[in-house]
Structures are given as structure tokens and as C-alpha cells.
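The structure appears right after this line, and notes come after that.
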Amino acid sequence: MSALPDETLRKILVQIQQTAVQSQRSLNLTKQQCTAKERERRIVQLTITEISSVGRDTNLYKGVGKMFIMVPQKTMEQELRAQEKELTDEINSLSKKSKYLEKQFNDAQARLKDIFHHAPGQ
């Protein structure tokens with residue numbers, strides 16, 4: 001049934017297995033990065049909420065290295081909103097990457113199942 005030599009089949013099998021393992025590792029790493037970015041975005045959102053709730057005459061300070069600089073509330077909110085948008089874009093990008101890696105992993109697993117399912121009895 002199989003026209004390919006055993007050594008060629010073995011190489012193909014190893015390559016598919018390596019693809020599956022690499023995809024799974026990359027998928028796990030991407031999910032961890034996405035979770036970290038979501039946590040960071042949530043912190044920024046909470047900070048924006050807190051800043052919005054304080055009075056306009058309240059002094060706000062931004063950490064720069066080992067010191068703090070007084071920043072107008074409007075400027076602080078703009079910076080935080082820009083940071084939130086950037087994090088949202090990164091999360092969307094990681095989500096797309098995650099879907100691609102998941103598809104790649106599932107394809108590799110399906111190929112492995114096909115190979116073992118259609119393999120001649122030994």
C-alpha cells in the first residue's frame with residue numbers, strides 16, 4: 001500500500017511530531033503573553049478609572065526612574081489611554097497568532113492520526 005520507503009516515512013513522521021511539539025510550545029507561550037497583557041491592560045483601565053474619579057485640582061505624579069514628576073491629569077489620562085490602546089492591539093495580535101498556532105497544532109495532530117490510522121498492520 002505504501003510506496004515510500006520506511007526511512008522516508010520515519011523522517012516525515014518525526015517532522016510532523018516536531019511541528020506538533022513546537023506549535024504546542026509556541027501556543028502555550030503566546031497564551032501566557034496574552035494573559036500578562038490582559039492583566040496589564042486591566043491595571044491601566046483601573047488606573048484610568050481612579051484618575052477620573054479624583055478632583056481636577058489633585059496633583060498627579062508619574063514615576064520616572066527613581067523620582068516622580070508632577071503631570072497634569074489630562075496628560076496622564078491621554079498617556080494611559082494610549083497605553084491601553086497599544087495593549088489592546090498587542091492582545092489582538094497575540095490572539096490571532098494563538099489561533100494560527102492552534103490550527104497548526106491541530107493539523108499536525110490530524111496528520112499523525114491519519115498516518116497511524118492508515119499504517120499497514122505490523
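By convention here, the chains of the C-alpha cells are called A, B, ... in the order presented, each chain's residues are numbered starting at 1, and ligands are numbered starting at 1 in the order presented.
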Inset, instruction - Step one, run DSSP on the backbone; step two, keep only residues of range 63-117 of chain A assigned to alpha helix (DSSP H); then write them as a ChimeraX atom specification. - result: /A:73-117
Okay, now the selection with C-alpha atoms, as an mmCIF file, in the first residue's frame?
data_model
loop_
_atom_site.group_PDB
_atom_site.id
_atom_site.type_symbol
_atom_site.label_atom_id
_atom_site.label_comp_id
_atom_site.auth_asym_id
_atom_site.auth_seq_id
_atom_site.Cartn_x
_atom_site.Cartn_y
_atom_site.Cartn_z
ATOM 1 C CA GLN A 73 -4.432 64.979 34.906
ATOM 2 C CA LYS A 74 -5.393 65.332 31.241
ATOM 3 C CA THR A 75 -1.877 64.391 30.096
ATOM 4 C CA MET A 76 -1.815 61.395 32.424
ATOM 5 C CA GLU A 77 -5.177 60.171 31.112
ATOM 6 C CA GLN A 78 -4.049 60.578 27.494
ATOM 7 C CA GLU A 79 -0.878 58.600 28.140
ATOM 8 C CA LEU A 80 -2.805 55.841 29.893
ATOM 9 C CA ARG A 81 -5.423 55.654 27.121
ATOM 10 C CA ALA A 82 -2.643 55.393 24.527
ATOM 11 C CA GLN A 83 -1.046 52.626 26.593
ATOM 12 C CA GLU A 84 -4.411 50.863 26.853
ATOM 13 C CA LYS A 85 -4.898 51.037 23.077
ATOM 14 C CA GLU A 86 -1.400 49.672 22.486
ATOM 15 C CA LEU A 87 -2.043 46.785 24.877
ATOM 16 C CA THR A 88 -5.379 46.044 23.186
ATOM 17 C CA ASP A 89 -3.651 45.923 19.792
ATOM 18 C CA GLU A 90 -0.977 43.592 21.183
ATOM 19 C CA ILE A 91 -3.645 41.335 22.713
ATOM 20 C CA ASN A 92 -5.484 41.158 19.381
ATOM 21 C CA SER A 93 -2.242 40.306 17.593
ATOM 22 C CA LEU A 94 -1.410 37.594 20.127
ATOM 23 C CA SER A 95 -4.928 36.228 19.812
ATOM 24 C CA LYS A 96 -4.552 35.893 16.034
ATOM 25 C CA LYS A 97 -1.161 34.246 16.500
ATOM 26 C CA SER A 98 -2.689 31.881 19.051
ATOM 27 C CA LYS A 99 -5.459 30.854 16.633
ATOM 28 C CA TYR A 100 -2.883 30.207 13.895
ATOM 29 C CA LEU A 101 -0.696 28.111 16.199
ATOM 30 C CA GLU A 102 -3.721 26.173 17.437
ATOM 31 C CA LYS A 103 -4.709 25.408 13.842
ATOM 32 C CA GLN A 104 -1.140 24.369 13.027
ATOM 33 C CA PHE A 105 -1.062 22.065 16.064
ATOM 34 C CA ASN A 106 -4.450 20.523 15.229
ATOM 35 C CA ASP A 107 -3.367 19.971 11.616
ATOM 36 C CA ALA A 108 -0.190 18.211 12.744
ATOM 37 C CA GLN A 109 -2.173 16.020 15.140
ATOM 38 C CA ALA A 110 -4.669 15.170 12.403
ATOM 39 C CA ARG A 111 -1.820 14.172 10.061
ATOM 40 C CA LEU A 112 -0.325 11.971 12.780
ATOM 41 C CA LYS A 113 -3.705 10.285 13.347
ATOM 42 C CA ASP A 114 -4.069 9.730 9.600
ATOM 43 C CA ILE A 115 -0.619 8.181 9.385
ATOM 44 C CA PHE A 116 -1.252 5.820 12.298
ATOM 45 C CA HIS A 117 -4.789 5.046 11.190
#
Inset, instruction - Fewer than 5 positions away in the same chain doesn't count, so skip those; otherwise give me all residues within 7 Å of Leu60 in chain A, counting only C-alpha atoms, as an MDAnalysis selection string. - result: chainID A and resid 70:73
Can you write out the residues you just picked, keeping C-alpha atoms, as a JSON list (two decimals), in the first residue's frame?
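Okay, this is what ended up in result-v1.json:
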[["chain", "number", "residue", "atom", "x", "y", "z"],
["A", 70, "MET", "CA", 4.04, 66.17, 38.56],
["A", 71, "VAL", "CA", 1.85, 65.64, 35.48],
["A", 72, "PRO", "CA", -1.45, 67.33, 34.58],
["A", 73, "GLN", "CA", -4.43, 64.98, 34.91]]
Inset, instruction - Identify all residues of range 6-115 of chain A in strand (DSSP E or B) (DSSP on the backbone) and supply them as an NGL selection string. - result: :A and (60-64 or 67-71)
I need the residues from that last selection saved to file as a JSON list (two decimals), in the first residue's frame (with N, CA and C atoms), if you can.
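What landed in out19.json:
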[["chain", "number", "residue", "atom", "x", "y", "z"],
["A", 60, "LEU", "N", -1.11, 64.93, 40.37],
["A", 60, "LEU", "CA", -0.77, 63.56, 39.97],
["A", 60, "LEU", "C", 0.72, 63.51, 39.67],
["A", 61, "TYR", "N", 1.34, 62.41, 40.06],
["A", 61, "TYR", "CA", 2.78, 62.26, 39.87],
["A", 61, "TYR", "C", 3.05, 60.98, 39.10],
["A", 62, "LYS", "N", 3.99, 61.09, 38.20],
["A", 62, "LYS", "CA", 4.38, 59.96, 37.36],
["A", 62, "LYS", "C", 5.80, 59.56, 37.72],
["A", 63, "GLY", "N", 6.02, 58.25, 37.90],
["A", 63, "GLY", "CA", 7.35, 57.78, 38.23],
["A", 63, "GLY", "C", 8.25, 57.80, 37.01],
["A", 64, "VAL", "N", 9.42, 58.42, 37.18],
["A", 64, "VAL", "CA", 10.43, 58.45, 36.12],
["A", 64, "VAL", "C", 11.75, 58.06, 36.77],
["A", 67, "MET", "N", 12.61, 59.00, 40.53],
["A", 67, "MET", "CA", 11.93, 60.21, 41.01],
["A", 67, "MET", "C", 10.52, 60.29, 40.43],
["A", 68, "PHE", "N", 9.77, 61.26, 40.91],
["A", 68, "PHE", "CA", 8.40, 61.47, 40.45],
["A", 68, "PHE", "C", 8.27, 62.87, 39.90],
["A", 69, "ILE", "N", 7.51, 62.98, 38.81],
["A", 69, "ILE", "CA", 7.29, 64.27, 38.16],
["A", 69, "ILE", "C", 5.80, 64.56, 38.18],
["A", 70, "MET", "N", 5.44, 65.79, 38.55],
["A", 70, "MET", "CA", 4.04, 66.17, 38.56],
["A", 70, "MET", "C", 3.56, 66.29, 37.11],
["A", 71, "VAL", "N", 2.40, 65.67, 36.84],
["A", 71, "VAL", "CA", 1.85, 65.64, 35.48],
["A", 71, "VAL", "C", 0.40, 66.09, 35.55]]
